[in-house]
Every structure is written in C-alpha cells, then in structure tokens.
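This is query_25.pdb. It holds PDB, C-alpha atoms.
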```
ATOM      1  CA  MET A   1      99.757 104.450  87.648
ATOM      2  CA  ALA A   2     101.739 101.907  85.662
ATOM      3  CA  ASN A   3     101.164  98.226  86.348
ATOM      4  CA  ASN A   4     103.325  95.756  88.238
ATOM      5  CA  CYS A   5     106.910  96.946  88.012
ATOM      6  CA  LEU A   6     109.210  94.062  88.887
ATOM      7  CA  ALA A   7     110.545  93.506  92.394
ATOM      8  CA  SER A   8     114.293  93.506  92.840
ATOM      9  CA  THR A   9     115.896  90.364  94.218
ATOM     10  CA  ASP A  10     117.220  92.086  97.317
ATOM     11  CA  ASN A  11     113.707  93.206  98.303
ATOM     12  CA  MET A  12     114.568  96.903  98.123
ATOM     13  CA  HIS A  13     111.363  98.801  98.785
ATOM     14  CA  ASP A  14     110.324 101.047  95.926
ATOM     15  CA  LEU A  15     108.642 104.165  97.259
ATOM     16  CA  PRO A  16     107.944 107.640  95.853
ATOM     17  CA  PRO A  17     110.741 110.187  96.519
ATOM     18  CA  ASN A  18     108.790 112.205  99.104
ATOM     19  CA  TYR A  19     106.874 109.262 100.556
ATOM     20  CA  TYR A  20     107.571 109.768 104.269
ATOM     21  CA  LYS A  21     106.967 113.522 104.227
ATOM     22  CA  ASP A  22     103.775 113.148 102.197
ATOM     23  CA  TYR A  23     102.535 110.267 104.335
ATOM     24  CA  GLU A  24     102.925 112.286 107.521
ATOM     25  CA  GLU A  25     101.097 115.207 105.904
ATOM     26  CA  ILE A  26      98.176 112.958 104.913
ATOM     27  CA  ILE A  27      98.011 111.553 108.451
ATOM     28  CA  ALA A  28      97.880 115.069 109.919
ATOM     29  CA  LEU A  29      95.171 116.141 107.462
ATOM     30  CA  LEU A  30      93.120 113.040 108.242
ATOM     31  CA  LYS A  31      93.332 113.747 111.977
ATOM     32  CA  THR A  32      92.121 117.307 111.369
ATOM     33  CA  THR A  33      89.277 116.117 109.154
ATOM     34  CA  MET A  34      88.066 113.419 111.546
ATOM     35  CA  ASP A  35      88.234 115.827 114.475
ATOM     36  CA  GLU A  36      86.229 118.393 112.497
ATOM     37  CA  ILE A  37      83.569 115.830 111.567
ATOM     38  CA  ILE A  38      83.168 114.519 115.109
ATOM     39  CA  ASN A  39      83.326 117.814 117.012
ATOM     40  CA  LYS A  40      81.990 120.367 114.534
ATOM     41  CA  HIS A  41      79.740 118.170 112.372
ATOM     42  CA  THR A  42      81.215 119.576 109.195
ATOM     43  CA  TYR A  43      83.932 118.508 106.766
ATOM     44  CA  THR A  44      85.373 121.626 105.186
ATOM     45  CA  SER A  45      88.897 120.166 105.303
ATOM     46  CA  LEU A  46      87.894 116.954 103.510
ATOM     47  CA  THR A  47      88.169 118.474 100.034
ATOM     48  CA  PHE A  48      91.794 119.476 100.587
ATOM     49  CA  LEU A  49      92.552 116.090 102.201
ATOM     50  CA  THR A  50      91.075 114.306  99.177
ATOM     51  CA  GLU A  51      93.033 116.419  96.696
ATOM     52  CA  ARG A  52      96.242 115.939  98.651
ATOM     53  CA  PHE A  53      95.618 112.202  98.967
ATOM     54  CA  ILE A  54      95.024 111.817  95.221
ATOM     55  CA  SER A  55      98.304 113.585  94.532
ATOM     56  CA  PHE A  56     100.000 111.271  97.047
ATOM     57  CA  TYR A  57      98.470 108.188  95.420
ATOM     58  CA  GLN A  58      99.481 109.339  91.953
ATOM     59  CA  SER A  59     103.102 109.610  93.098
ATOM     60  CA  PHE A  60     103.207 105.802  93.240
ATOM     61  CA  TYR A  61     104.568 104.405  89.998
ATOM     62  CA  CYS A  62     102.922 100.972  90.207
ATOM     63  CA  GLU A  63     101.045  98.569  92.463
ATOM     64  CA  LYS A  64     104.306  97.201  93.863
ATOM     65  CA  GLU A  65     105.061 100.585  95.421
ATOM     66  CA  VAL A  66     101.640 100.627  97.097
ATOM     67  CA  PHE A  67     102.205  97.191  98.640
ATOM     68  CA  ASP A  68     105.771  98.125  99.573
ATOM     69  CA  SER A  69     104.414 101.118 101.480
ATOM     70  CA  LEU A  70     102.349  98.762 103.636
ATOM     71  CA  ASN A  71     105.393  96.584 104.224
ATOM     72  CA  ILE A  72     107.163  99.689 105.515
ATOM     73  CA  CYS A  73     104.257 100.829 107.674
ATOM     74  CA  LYS A  74     103.753  97.410 109.229
ATOM     75  CA  LEU A  75     106.756  98.204 111.411
ATOM     76  CA  ASN A  76     104.609 100.762 113.215
ATOM     77  CA  ASP A  77     101.846 100.079 115.727
ATOM     78  CA  ASP A  78      99.363 101.020 112.986
ATOM     79  CA  PRO A  79      96.969 103.331 114.815
ATOM     80  CA  ILE A  80      93.611 104.303 113.346
ATOM     81  CA  TYR A  81      94.916 107.049 111.072
ATOM     82  CA  GLU A  82      97.732 105.062 109.503
ATOM     83  CA  HIS A  83      95.440 102.092 108.965
ATOM     84  CA  SER A  84      92.839 104.330 107.330
ATOM     85  CA  VAL A  85      95.383 105.837 104.925
ATOM     86  CA  ASN A  86      96.650 102.361 104.027
ATOM     87  CA  VAL A  87      93.122 101.100 103.401
ATOM     88  CA  ALA A  88      92.437 104.144 101.218
ATOM     89  CA  LEU A  89      95.599 103.493  99.166
ATOM     90  CA  LEU A  90      94.577  99.889  98.554
ATOM     91  CA  SER A  91      90.938 100.763  97.900
ATOM     92  CA  ARG A  92      91.753 103.445  95.342
ATOM     93  CA  MET A  93      94.227 101.071  93.692
ATOM     94  CA  LEU A  94      91.566  98.356  93.475
ATOM     95  CA  GLY A  95      88.997 100.780  92.086
ATOM     96  CA  ASP A  96      91.600 101.972  89.610
ATOM     97  CA  LEU A  97      92.358  98.428  88.479
ATOM     98  CA  ASN A  98      88.647  97.913  87.900
ATOM     99  CA  HIS A  99      88.492 101.101  85.769
ATOM    100  CA  MET A 100      86.119 102.892  88.130
ATOM    101  CA  HIS A 101      84.961 106.359  87.036
ATOM    102  CA  SER A 102      87.014 109.192  88.546
ATOM    103  CA  SER A 103      84.105 110.684  90.505
ATOM    104  CA  ASP A 104      83.353 107.298  92.052
ATOM    105  CA  LEU A 105      87.057 106.808  92.773
ATOM    106  CA  ASN A 106      87.084 110.049  94.752
ATOM    107  CA  SER A 107      84.017 109.035  96.764
ATOM    108  CA  LEU A 108      85.532 105.590  97.351
ATOM    109  CA  THR A 109      88.715 107.266  98.586
ATOM    110  CA  GLN A 110      86.757 109.386 101.067
ATOM    111  CA  ALA A 111      84.761 106.369 102.245
ATOM    112  CA  ALA A 112      87.977 104.410 102.835
ATOM    113  CA  LEU A 113      89.693 107.277 104.639
ATOM    114  CA  LEU A 114      86.715 107.650 106.983
ATOM    115  CA  HIS A 115      85.649 104.012 107.330
ATOM    116  CA  ASP A 116      87.016 103.666 110.894
ATOM    117  CA  ILE A 117      86.054 107.106 112.215
ATOM    118  CA  GLY A 118      83.712 105.411 114.686
ATOM    119  CA  LYS A 119      86.720 103.970 116.532
ATOM    120  CA  LEU A 120      87.482 107.458 117.819
ATOM    121  CA  LEU A 121      84.171 107.266 119.690
ATOM    122  CA  VAL A 122      84.999 103.950 121.371
ATOM    123  CA  ASP A 123      86.693 103.687 124.779
ATOM    124  CA  GLN A 124      90.355 104.119 123.790
ATOM    125  CA  ASP A 125      91.659 102.023 126.682
ATOM    126  CA  ILE A 126      89.692  99.058 125.391
ATOM    127  CA  LEU A 127      90.537  99.799 121.769
ATOM    128  CA  HIS A 128      94.282  99.774 122.477
ATOM    129  CA  LYS A 129      94.296  97.013 125.088
ATOM    130  CA  ASP A 130      97.466  94.895 124.945
ATOM    131  CA  GLY A 131      95.919  91.570 125.892
ATOM    132  CA  THR A 132      93.024  89.485 124.646
ATOM    133  CA  LEU A 133      89.682  91.257 124.621
ATOM    134  CA  THR A 134      86.796  89.907 126.655
ATOM    135  CA  THR A 135      83.541  89.214 124.831
ATOM    136  CA  LYS A 136      82.053  92.345 126.371
ATOM    137  CA  GLU A 137      85.017  94.473 125.279
ATOM    138  CA  PHE A 138      84.942  93.081 121.746
ATOM    139  CA  ASN A 139      81.223  93.797 121.495
ATOM    140  CA  LEU A 140      81.908  97.390 122.535
ATOM    141  CA  ILE A 141      84.557  97.791 119.841
ATOM    142  CA  LYS A 142      82.198  96.336 117.240
ATOM    143  CA  LYS A 143      79.923  99.315 117.892
ATOM    144  CA  HIS A 144      82.407 101.539 116.042
ATOM    145  CA  THR A 145      80.579 100.680 112.819
ATOM    146  CA  LYS A 146      77.321 102.128 114.113
ATOM    147  CA  PHE A 147      79.069 105.124 115.671
ATOM    148  CA  GLY A 148      80.783 105.884 112.367
ATOM    149  CA  HIS A 149      77.580 105.560 110.387
ATOM    150  CA  LYS A 150      75.739 107.867 112.767
ATOM    151  CA  VAL A 151      78.348 110.628 112.565
ATOM    152  CA  LEU A 152      78.600 110.467 108.741
ATOM    153  CA  PHE A 153      75.008 109.735 107.734
ATOM    154  CA  ASN A 154      73.633 113.281 107.688
ATOM    155  CA  LEU A 155      76.817 114.940 106.408
ATOM    156  CA  PHE A 156      77.206 113.441 102.932
ATOM    157  CA  ASP A 157      74.939 113.471  99.912
ATOM    158  CA  ASP A 158      76.530 110.214  98.781
ATOM    159  CA  PRO A 159      75.049 107.520 101.074
ATOM    160  CA  ARG A 160      77.804 105.060 100.153
ATOM    161  CA  ILE A 161      80.293 106.853 102.405
ATOM    162  CA  ALA A 162      78.285 106.327 105.588
ATOM    163  CA  ALA A 163      77.349 102.819 104.426
ATOM    164  CA  VAL A 164      81.029 101.837 104.275
ATOM    165  CA  ALA A 165      81.530 102.999 107.869
ATOM    166  CA  LEU A 166      78.572 100.843 108.913
ATOM    167  CA  MET A 167      79.172  97.752 106.793
ATOM    168  CA  HIS A 168      82.907  97.257 106.200
ATOM    169  CA  HIS A 169      82.851  94.299 108.617
ATOM    170  CA  GLU A 170      79.900  92.661 106.877
ATOM    171  CA  ARG A 171      80.647  89.563 104.787
ATOM    172  CA  CYS A 172      79.057  88.293 101.588
ATOM    173  CA  ASP A 173      77.967  85.056 103.292
ATOM    174  CA  GLY A 174      76.222  86.928 106.116
ATOM    175  CA  SER A 175      78.846  86.076 108.754
ATOM    176  CA  GLY A 176      79.870  89.679 109.488
ATOM    177  CA  TYR A 177      78.535  92.456 111.667
ATOM    178  CA  PRO A 178      76.654  94.598 112.718
ATOM    179  CA  THR A 179      73.606  93.295 110.821
ATOM    180  CA  GLY A 180      74.713  90.052 109.191
ATOM    181  CA  ALA A 181      73.966  91.513 105.753
ATOM    182  CA  LYS A 182      74.755  89.352 102.721
ATOM    183  CA  SER A 183      76.271  90.216  99.347
ATOM    184  CA  ALA A 184      73.073  91.498  97.768
ATOM    185  CA  ASN A 185      72.923  94.269 100.384
ATOM    186  CA  LEU A 186      76.567  95.344 100.194
ATOM    187  CA  ASN A 187      77.400  98.194  97.826
ATOM    188  CA  GLU A 188      80.508  98.193  95.641
ATOM    189  CA  PHE A 189      82.455 100.515  97.951
ATOM    190  CA  THR A 190      81.800  98.271 100.947
ATOM    191  CA  ARG A 191      82.960  95.178  99.055
ATOM    192  CA  ILE A 192      86.225  96.871  98.120
ATOM    193  CA  VAL A 193      86.966  98.412 101.521
ATOM    194  CA  ALA A 194      86.179  95.128 103.313
ATOM    195  CA  ILE A 195      88.987  93.353 101.426
ATOM    196  CA  CYS A 196      91.484  96.182 101.866
ATOM    197  CA  ASP A 197      90.621  96.611 105.540
ATOM    198  CA  VAL A 198      91.326  92.941 106.276
ATOM    199  CA  TYR A 199      94.610  92.867 104.364
ATOM    200  CA  SER A 200      95.882  96.124 105.868
ATOM    201  CA  GLY A 201      94.919  95.022 109.372
ATOM    202  CA  MET A 202      96.589  91.616 109.073
ATOM    203  CA  VAL A 203      99.836  92.805 107.476
ATOM    204  CA  ALA A 204     100.247  95.484 110.175
ATOM    205  CA  SER A 205     101.940  94.790 113.487
ATOM    206  CA  ARG A 206      99.880  95.017 116.664
ATOM    207  CA  LYS A 207     100.793  95.279 120.337
ATOM    208  CA  TYR A 208      99.551  91.728 120.852
ATOM    209  CA  ARG A 209     101.026  90.108 117.685
ATOM    210  CA  GLU A 210     103.565  90.530 114.911
ATOM    211  CA  SER A 211     102.564  91.347 111.358
ATOM    212  CA  ARG A 212     101.330  88.441 109.260
ATOM    213  CA  CYS A 213     103.250  87.185 106.248
ATOM    214  CA  PRO A 214     101.416  88.253 103.060
ATOM    215  CA  PHE A 215     101.307  84.622 101.910
ATOM    216  CA  GLU A 216      99.597  83.622 105.159
ATOM    217  CA  ILE A 217      96.965  86.256 104.424
ATOM    218  CA  ILE A 218      96.620  84.986 100.856
ATOM    219  CA  ARG A 219      96.086  81.479 102.265
ATOM    220  CA  MET A 220      93.274  82.839 104.427
ATOM    221  CA  PHE A 221      91.648  84.485 101.403
ATOM    222  CA  GLU A 222      91.952  81.231  99.422
ATOM    223  CA  ARG A 223      90.390  79.278 102.287
ATOM    224  CA  GLU A 224      87.431  81.523 103.018
ATOM    225  CA  GLY A 225      87.723  84.687 100.964
ATOM    226  CA  LEU A 226      85.632  83.670  97.991
ATOM    227  CA  GLN A 227      82.686  83.000 100.301
ATOM    228  CA  LYS A 228      83.114  85.975 102.609
ATOM    229  CA  TYR A 229      84.349  88.596 100.141
ATOM    230  CA  ASP A 230      83.418  89.708  96.657
ATOM    231  CA  THR A 231      84.922  87.099  94.331
ATOM    232  CA  ASP A 232      85.893  89.380  91.446
ATOM    233  CA  TYR A 233      87.522  92.006  93.643
ATOM    234  CA  THR A 234      89.285  89.384  95.771
ATOM    235  CA  ILE A 235      90.862  87.725  92.731
ATOM    236  CA  LEU A 236      91.803  91.093  91.238
ATOM    237  CA  PHE A 237      93.375  92.168  94.536
ATOM    238  CA  LEU A 238      95.326  88.958  95.096
ATOM    239  CA  ARG A 239      96.689  88.707  91.578
ATOM    240  CA  SER A 240      97.785  92.321  91.618
ATOM    241  CA  MET A 241      99.522  91.811  94.949
ATOM    242  CA  LEU A 242     101.188  88.528  94.067
ATOM    243  CA  ASP A 243     102.697  89.845  90.851
ATOM    244  CA  THR A 244     104.615  92.364  92.970
ATOM    245  CA  TYR A 245     106.367  89.612  94.962
ATOM    246  CA  ILE A 246     108.047  87.839  92.029
ATOM    247  CA  GLY A 247     111.794  88.056  92.659
ATOM    248  CA  TYR A 248     111.414  88.628  96.397
ATOM    249  CA  LYS A 249     113.730  86.960  98.893
ATOM    250  CA  VAL A 250     111.872  84.764 101.398
ATOM    251  CA  LYS A 251     112.584  82.543 104.384
ATOM    252  CA  LEU A 252     110.919  79.128 104.399
ATOM    253  CA  THR A 253     109.628  77.169 107.389
ATOM    254  CA  SER A 254     112.711  74.961 106.926
ATOM    255  CA  ASN A 255     114.836  78.083 107.609
ATOM    256  CA  GLU A 256     116.139  77.952 104.042
ATOM    257  CA  ILE A 257     116.360  81.151 102.005
ATOM    258  CA  GLY A 258     114.917  81.341  98.503
ATOM    259  CA  TYR A 259     113.578  83.644  95.817
ATOM    260  CA  ILE A 260     110.054  83.654  94.418
ATOM    261  CA  THR A 261     110.267  82.815  90.711
ATOM    262  CA  SER A 262     106.615  82.488  89.691
ATOM    263  CA  ILE A 263     103.050  82.446  91.007
ATOM    264  CA  ASN A 264     100.824  79.389  90.676
ATOM    265  CA  PRO A 265      97.455  80.704  89.394
ATOM    266  CA  LEU A 266      95.687  77.645  90.837
ATOM    267  CA  ASN A 267      97.378  77.892  94.241
ATOM    268  CA  LEU A 268      98.216  81.523  94.901
ATOM    269  CA  SER A 269      99.625  81.086  98.396
ATOM    270  CA  ASN A 270     102.216  78.531  97.272
ATOM    271  CA  PRO A 271     104.474  80.036  94.597
ATOM    272  CA  THR A 272     107.503  78.466  92.956
ATOM    273  CA  VAL A 273     110.719  79.307  94.815
ATOM    274  CA  GLN A 274     114.369  78.939  93.888
ATOM    275  CA  VAL A 275     116.307  77.475  96.822
ATOM    276  CA  ASN A 276     120.029  77.356  96.095
ATOM    277  CA  ASN A 277     120.055  75.904  92.565
ATOM    278  CA  LEU A 278     116.773  74.035  92.871
ATOM    279  CA  ILE A 279     113.311  75.163  91.772
ATOM    280  CA  VAL A 280     110.737  74.159  94.389
ATOM    281  CA  ASP A 281     106.981  74.161  93.756
ATOM    282  CA  LEU A 282     105.593  74.880  97.223
ATOM    283  CA  SER A 283     102.165  73.555  96.231
ATOM    284  CA  LYS A 284     103.804  70.089  96.088
ATOM    285  CA  ASP A 285     106.181  70.542  99.014
ATOM    286  CA  LYS A 286     105.845  70.422 102.799
ATOM    287  CA  ARG A 287     107.655  73.733 103.197
ATOM    288  CA  ASP A 288     105.837  77.072 103.382
ATOM    289  CA  ILE A 289     106.955  80.670 103.232
ATOM    290  CA  LEU A 290     107.622  81.823 106.797
ATOM    291  CA  HIS A 291     108.120  85.467 105.936
ATOM    292  CA  ILE A 292     109.461  87.866 103.335
ATOM    293  CA  ILE A 293     112.968  89.069 104.103
TER     294      ILE A 293
END
```
Would you mind writing the structure in this file as structure tokens?
Amino acid sequence: MANNCLASTDNMHDLPPNYYKDYEEIIALLKTTMDEIINKHTYTSLTFLTERFISFYQSFYCEKEVFDSLNICKLNDDPIYEHSVNVALLSRMLGDLNHMHSSDLNSLTQAALLHDIGKLLVDQDILHKDGTLTTKEFNLIKKHTKFGHKVLFNLFDDPRIAAVALMHHERCDGSGYPTGAKSANLNEFTRIVAICDVYSGMVASRKYRESRCPFEIIRMFEREGLQKYDTDYTILFLRSMLDTYIGYKVKLTSNEIGYITSINPLNLSNPTVQVNNLIVDLSKDKRDILHII
C-alpha cells in the first residue's frame, strides 16, 4: 500500500473499484466464520476469510482510502460485523505502518476480525437498545470480552487472538475492563486493536447518536490517549490519519466553510484552515471544526 495520497478539495472519497461488492462479501464471510466458531467450535472458513480480507485490504491504494471507507460506512448503523471489518482494516494498516512481519500481520488481522465475537453471545435486545443503558445492562454487555475469550481460547494455537477478544477494552493506565490490566500485561495486538476499536466505534453512527467528527476523536486521544493507549501506536495512527485530511472541506463551529491546509504537529486536533482568503490557525482561535463536509 502506498502512503498518504492527497485528499481532493471537494472531499471526493477515494475507494477501490470493487469496494462495495468486496465489502459485502467480507461481511458475509465473517458472519459464516463467527457462526461456525460459536456453533460448531471450529474455524474451517477462517482461512478463506483471511485470504479474501488480505486481498480486499491490498486493493486500497493508500491510508486515505482506508479512512475514507470508514467515512462511508459511518452512514450505516454499524452492526458488529461491519465494525469488526473496519477495525481489522485499521489494525492491519497500523501493523503495516509499523513494518510488522507478514505472519504476525495475518494473526493480527484474525484477532481484529474476531475481537467482538463475544457480543453475539450477549442479549441482543440489550446490545441494540436505543436509549441509555442502565448500569446492570452495561455490565452485561461488558461480559462480551469474557464470552469471546472463552469461545476462542481453545481453538487457536496463537494465544494472542483470544487475548485480544478478552482485553481490547483494557487500558494502559489500568482504567479498562474486565481485569483492569495495565500496559505491561497487554500484548502488541491488544494495544493496536484497542486504538482501532475506539476510533471505529466513535466515527460510526449509532441509534442513540450521530457519528463523531474525526477531529473530536483526535482531541479525545490528545486529552487522554497517551495515558490510556500505547503511545507509539497512538501517535503513528493519528499522524497517518491526519495526513489524509489535508485539503478537506470542513464546517467550523462559526458555520463558516474552510479547507484544511496543514496539520499542527504540536496540536493535532487544531489544524490550519483556509477560510475565504484568510489562513486561520485553529490552535490560536476560538473556532473548532464542527464536521467534515
């Protein structure tokens, strides 16, 4: 995959030629694989899913296309399968950027695809509830990590795959769940998937909220990400993502329209924007980016 092809100023999404057809095929294969794992305790279809997914991933020309695909998919309700495919795309991209060995990349891909399998074993009415969850309901949903670990643990020789299912909601500062593990106890796959899971979940639309602006998510990572998430992978992820938004058309909180001209390396969530004929440094301005147009 080539790096960071430039965004066009009209925010045209750059996607592989057969993106929608291939995406639907991957979703169908993932459903089959998860069903097989849960009901038959085997994963004979996983090899074909992995091969097909790698081919799908390699059809993306650059990181911008990967992020554009999430901007397209955020218009959907983002059920478990779509979210899992999106997390796998981001995770493989991040492993790729870090020059991970191909065999590890394939295992990382499988771990990301299956990280939320435990949600299929949670009460679906609670999982897809429109309103705010009660504490009891949220605690039930949190059990998906343990359910996923249990169903994967005895199936794979590589223990990292089941560990990701168990620990992708853990945080490096010990503030996550289910065990409150800290960075020293989180393997590399878990650190990667944790970042990609949060970004994919926040940029997606939900029944109870609209999708979040990518720069709002970046602001969250700047505020707490370097404590809660792996520092090196977080910085690598954010810089890769932000480079793709140069040239993008945005709406500001002032309702003005502008174009992102450059990224501030010391303040990633506040880029420089051209508004009419003026260049505005948002790190020194009261305005923020409301959303990408």
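The space between atom CA of His115 of chain A and atom CA of Pro17 of chain A spans 28.0 Å.
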Exercise for the section: Given the file shown, determine the residues that the PyMOL selection byres ((chain A and resi 110) around 12) selects; report them as JSON, numbers by chain. Expected result: {"A": [30, 33, 34, 43, 45, 46, 47, 48, 49, 50, 51, 52, 53, 54, 84, 85, 87, 88, 89, 91, 92, 103, 104, 105, 106, 107, 108, 109, 111, 112, 113, 114, 115, 116, 117, 152, 156, 158, 159, 160, 161, 162, 163, 164, 165, 189, 193]}
Problem - Spatial neighbours of Lys251 of chain A, 12 Å, all atoms listed in the file, chain gap at least 6 places, as a PyMOL selection string - result: chain A and resi 213+215+257-260+273-275+287-293
Quick one: residues within 9 Å of Ile263 of chain A, all atoms listed in the file, excluding same-chain residues fewer than 6 positions away - as an mmCIF file with C-alpha atoms, in the frame of the given file?
```
data_model
loop_
_atom_site.group_PDB
_atom_site.id
_atom_site.type_symbol
_atom_site.label_atom_id
_atom_site.label_comp_id
_atom_site.auth_asym_id
_atom_site.auth_seq_id
_atom_site.Cartn_x
_atom_site.Cartn_y
_atom_site.Cartn_z
ATOM 1 C CA ARG A 239 96.689 88.707 91.578
ATOM 2 C CA LEU A 242 101.188 88.528 94.067
ATOM 3 C CA ASP A 243 102.697 89.845 90.851
ATOM 4 C CA TYR A 245 106.367 89.612 94.962
ATOM 5 C CA ILE A 246 108.047 87.839 92.029
ATOM 6 C CA SER A 269 99.625 81.086 98.396
ATOM 7 C CA ASN A 270 102.216 78.531 97.272
ATOM 8 C CA PRO A 271 104.474 80.036 94.597
ATOM 9 C CA THR A 272 107.503 78.466 92.956
#
```
Exercise for the section: Give me the result of the PyMOL selection byres ((chain A and resi 236) around 12) on this file, residue by residue, as a PyMOL selection string. Expected result: chain A and resi 63+90-91+93-99+192+195-196+226+229-235+237-243+265
Completion exercise
atom CA of Asp157 of chain A sits from atom CA of Lys143 of chain A at a separation of 23.4 Å
Exercise for the section: Return the single residue from A:Asn18, A:Thr135, A:Gln58, A:Asn86 that is closest to Ile72 of chain A, with distances computed using only C-alpha atoms. Expected result: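 Of A:Asn18, A:Thr135, A:Gln58, A:Asn86, the one nearest Ile72 of chain A, counting only C-alpha atoms, is A:Asn86.
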Who sits within 7 Å of Gly118 of chain A, all atoms listed in the file, same chain under 4 positions skipped, as an mmCIF file with C-alpha atoms, in the frame of the given file:
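And here's selection.cif as it stands now:
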```cif
data_model
loop_
_atom_site.group_PDB
_atom_site.id
_atom_site.type_symbol
_atom_site.label_atom_id
_atom_site.label_comp_id
_atom_site.auth_asym_id
_atom_site.auth_seq_id
_atom_site.Cartn_x
_atom_site.Cartn_y
_atom_site.Cartn_z
ATOM 1 C CA VAL A 122 84.999 103.950 121.371
ATOM 2 C CA HIS A 144 82.407 101.539 116.042
ATOM 3 C CA THR A 145 80.579 100.680 112.819
ATOM 4 C CA PHE A 147 79.069 105.124 115.671
ATOM 5 C CA GLY A 148 80.783 105.884 112.367
#
```
